[in-house]
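Take a look at the structure set out below.
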Amino acid sequence: MTKMIPTNRMQAILRATTFKNRPLAVVLVAAGSSARMGIGRKKEYLPLGSGTVLSAAARRFLESLPCRMLAVAVPPGGSAEARAALFSDPSIQPLLDGVELLFVDGGASRQASVRNALEAAAALPEPPEFVLIHDGARPFVPARVVVEVAEAMVQFGAAAPGIPPVDTQKLVDADGFVSRHLRRAEMAAVQTPQGFSFAPLLEAHRSAARDGREYTDDAEIWGAYVGRVKVVAGDSCNRKITFASDYDGAAGAQERAVMKDLRTGLGYDIHRLTAGRRLLLGGVDIPADKGEDGHSDGDALLHAVADAVLGAAGLGDIGSFFPPEDMKWKDADSVELLRTVWRAVRSEGWNLGNLDCVVKLERPKLLPYRQAVVASIAAILDVPAERVFVKAKTGEALDSVGSGSAVEAWCTCLLVR
């Protein structure tokens with residue numbers, strides 16, 4: 001069941017105070033052969049969006065939580081191919097700043113691959129306190145699921161997302177007869193990510209490796225050796241690519257997204273112009289005798305862009321993300337503010353269709369700087385420059401803009417999911 005994320009929850013995602021001083025690791029399991037795909041190629045390395053299935057799965061965690069470590073379990077000797085698949089999306093690299101990245105040889109089973117990744121994490125100078133384990137072939141996990149599993153993991157020690165089964169479930173005996181009629185209300189189809197306190201999970205995996213049993217997932221191992229697992233609401237979008245038809249459906253869904261989920265947004269801002277301040281528009285410093293007077297650096301155009309994309313995604317506005325009464329945002333760099341906002345929007349699965357902006361400024365003339373402004377905004381959002389356009393208008397010597405005492409900016413955007 002999908003829920004809208006209220007602004008206060010997205011604020012919690014951005015602040016991530018729960019994990020401020022608590023090392024958090026993510027393990028992506030991608031060590032299988034993908035034989036059931038029947039295409040002779042690993043499903044995690046197939047192209048998807050601006051990168052691959054693997055890079056899309058990694059992005060969800062890197063954008064939603066302050067990860068200290070990312071471990072990718074890969075086929076033995078396959079780290080180079082996995083690295084290429086991960087970095088096929090050029091925007092992944094900045095998200096990995098300060099993150100310990102490991103490529104770990106997998107084992108003969110998923111269980112063994114996870115254990116190898118946990119052992120590699122335990123060998124680090126600062127082992128993690130918590131770990132989230134996710135299938136590398138689940139690229140569509142919503143940020144809400146990631147964050148709610150993480151929150152429940154901290155509170156209860158172990159958590160996993162689950163969705164109610166659609167069909168009535170039965171137990172069937174060896175002869176093909178129903179042996180037990182199960183209550184659907186008491187059941188859940190469990191997904192990943194599954195989150196755990198790290199040290200108890202590692203010990204449970206070591207015990208499971210000795211007992212000779214085969215476990216279907218990490219939640220079962222935790223249940224056998226540690227205790228209960230809290231189930232939080234999963235999402236039907238969080239599907240796993242297993243067969244070729246799953247991938248074809250995912251790629252086709254992306255192609256049809258423009259017909260399925262479009263959102264438009266409108267942003268506006270106005271700032272007084274005053275001597276002694278820089279004139280910043282779209283992240284470009286424009287020579288002028290007066291600049292914007294604002295709580296942050298006053299970049300009216302970037303503020304309008306931020307409000308447009310937030311409004312389209314239904315995530316609030318720039319004031320709810322960065323309250324003007326909070327002194328920590330005094331003279332803040334609007335480029336970084338927009339990057340933060342855009343990460344939140346992207347974590348909900350949105351991509352940019354286009355931006356169309358208008359700047360109303362009497363002087364100086366914006367036209368000589370327009371291409372630099374377009375290039376700057378495109379770089380901040382990591383999109384092609386042709387998706388951004390900026391128009392310049394004057395106040396025709398009328399109103400506050402016409403008198404040279406203010407600058408105004410409007411932005412409309414199209415988001416696609």
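Every chain in the structure tokens takes a letter, A first, then B, and so on in the order presented; its residues are numbered from 1, and the ligands are numbered from 1 following the presented order.
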
- Task: Skip Ala219 in chain A itself and residues of its chain fewer than 6 positions away, then list as number ranges by chain all residues within 10 Å of it, counting only C-alpha atoms.
- Result: A: 158-160, 190, 192, 194-196, 201, 226-230

- Message: So that I can see what lies close to Pro142 in chain A, please list as a PyMOL selection string the residues with an atom at most 12 Å from it, counting only C-alpha atoms and leaving out residues fewer than 2 positions away in the same chain.
- Response: chain A and resi 1-5+56-61+63-64+138-140+144-149+161+192-193+233-239+344-350+417

- Message: Which residues are close to Leu171 in chain A, i.e. within 6 Å by only C-alpha atoms, leaving aside same-chain residues fewer than 6 positions away? Reply as a list of chain:residue names.
- Response: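 The residues that qualify are A:Val178, A:Ser179, A:Arg180.
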
- Write out as JSON, numbers by chain all residues of range 263-356 of chain A that DSSP puts in alpha helix (DSSP H) for this structure's backbone. {"A": [300, 301, 302, 303, 304, 305, 306, 307, 308, 309, 310, 311, 312, 313, 318, 319, 320, 321, 334, 335, 336, 337, 338, 339, 340, 341, 342, 343, 344, 345, 346, 347]}

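Across A:Ala392, A:Leu86, A:Val104, A:Leu46, the tightest approach to Ala71 in chain A is made by A:Val104 when counting only C-alpha atoms.
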
- Query: Smallest atom-to-atom distance to Gly316 in chain A: which of A:Gly265, A:Ala199, A:Val131, A:Ala82, using only C-alpha atoms?
  - Reply: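 Looking at the shortest contact to Gly316 in chain A, the residue is A:Gly265.
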
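Here the question is which of A:Ile270, A:Leu101, A:Ala275, A:Val231 gets nearest to Leu124 in chain A using only C-alpha atoms, and that residue is A:Leu101.
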
- Task: Can you work out the spacing between CA of Gly311 in chain A and CA of Leu381 in chain A in Å, to one decimal?
- Result: 16.0 Å

- Query: Near Pro76 in chain A, within 10 Å and counting only C-alpha atoms, which residues show up once chain neighbours fewer than 3 positions away are dropped, as a list in words?
  - Reply: Ala31, Ala73, Ser79, Phe103, Val104, Asp105, Gly106, Gly107 and Ala108 of chain A
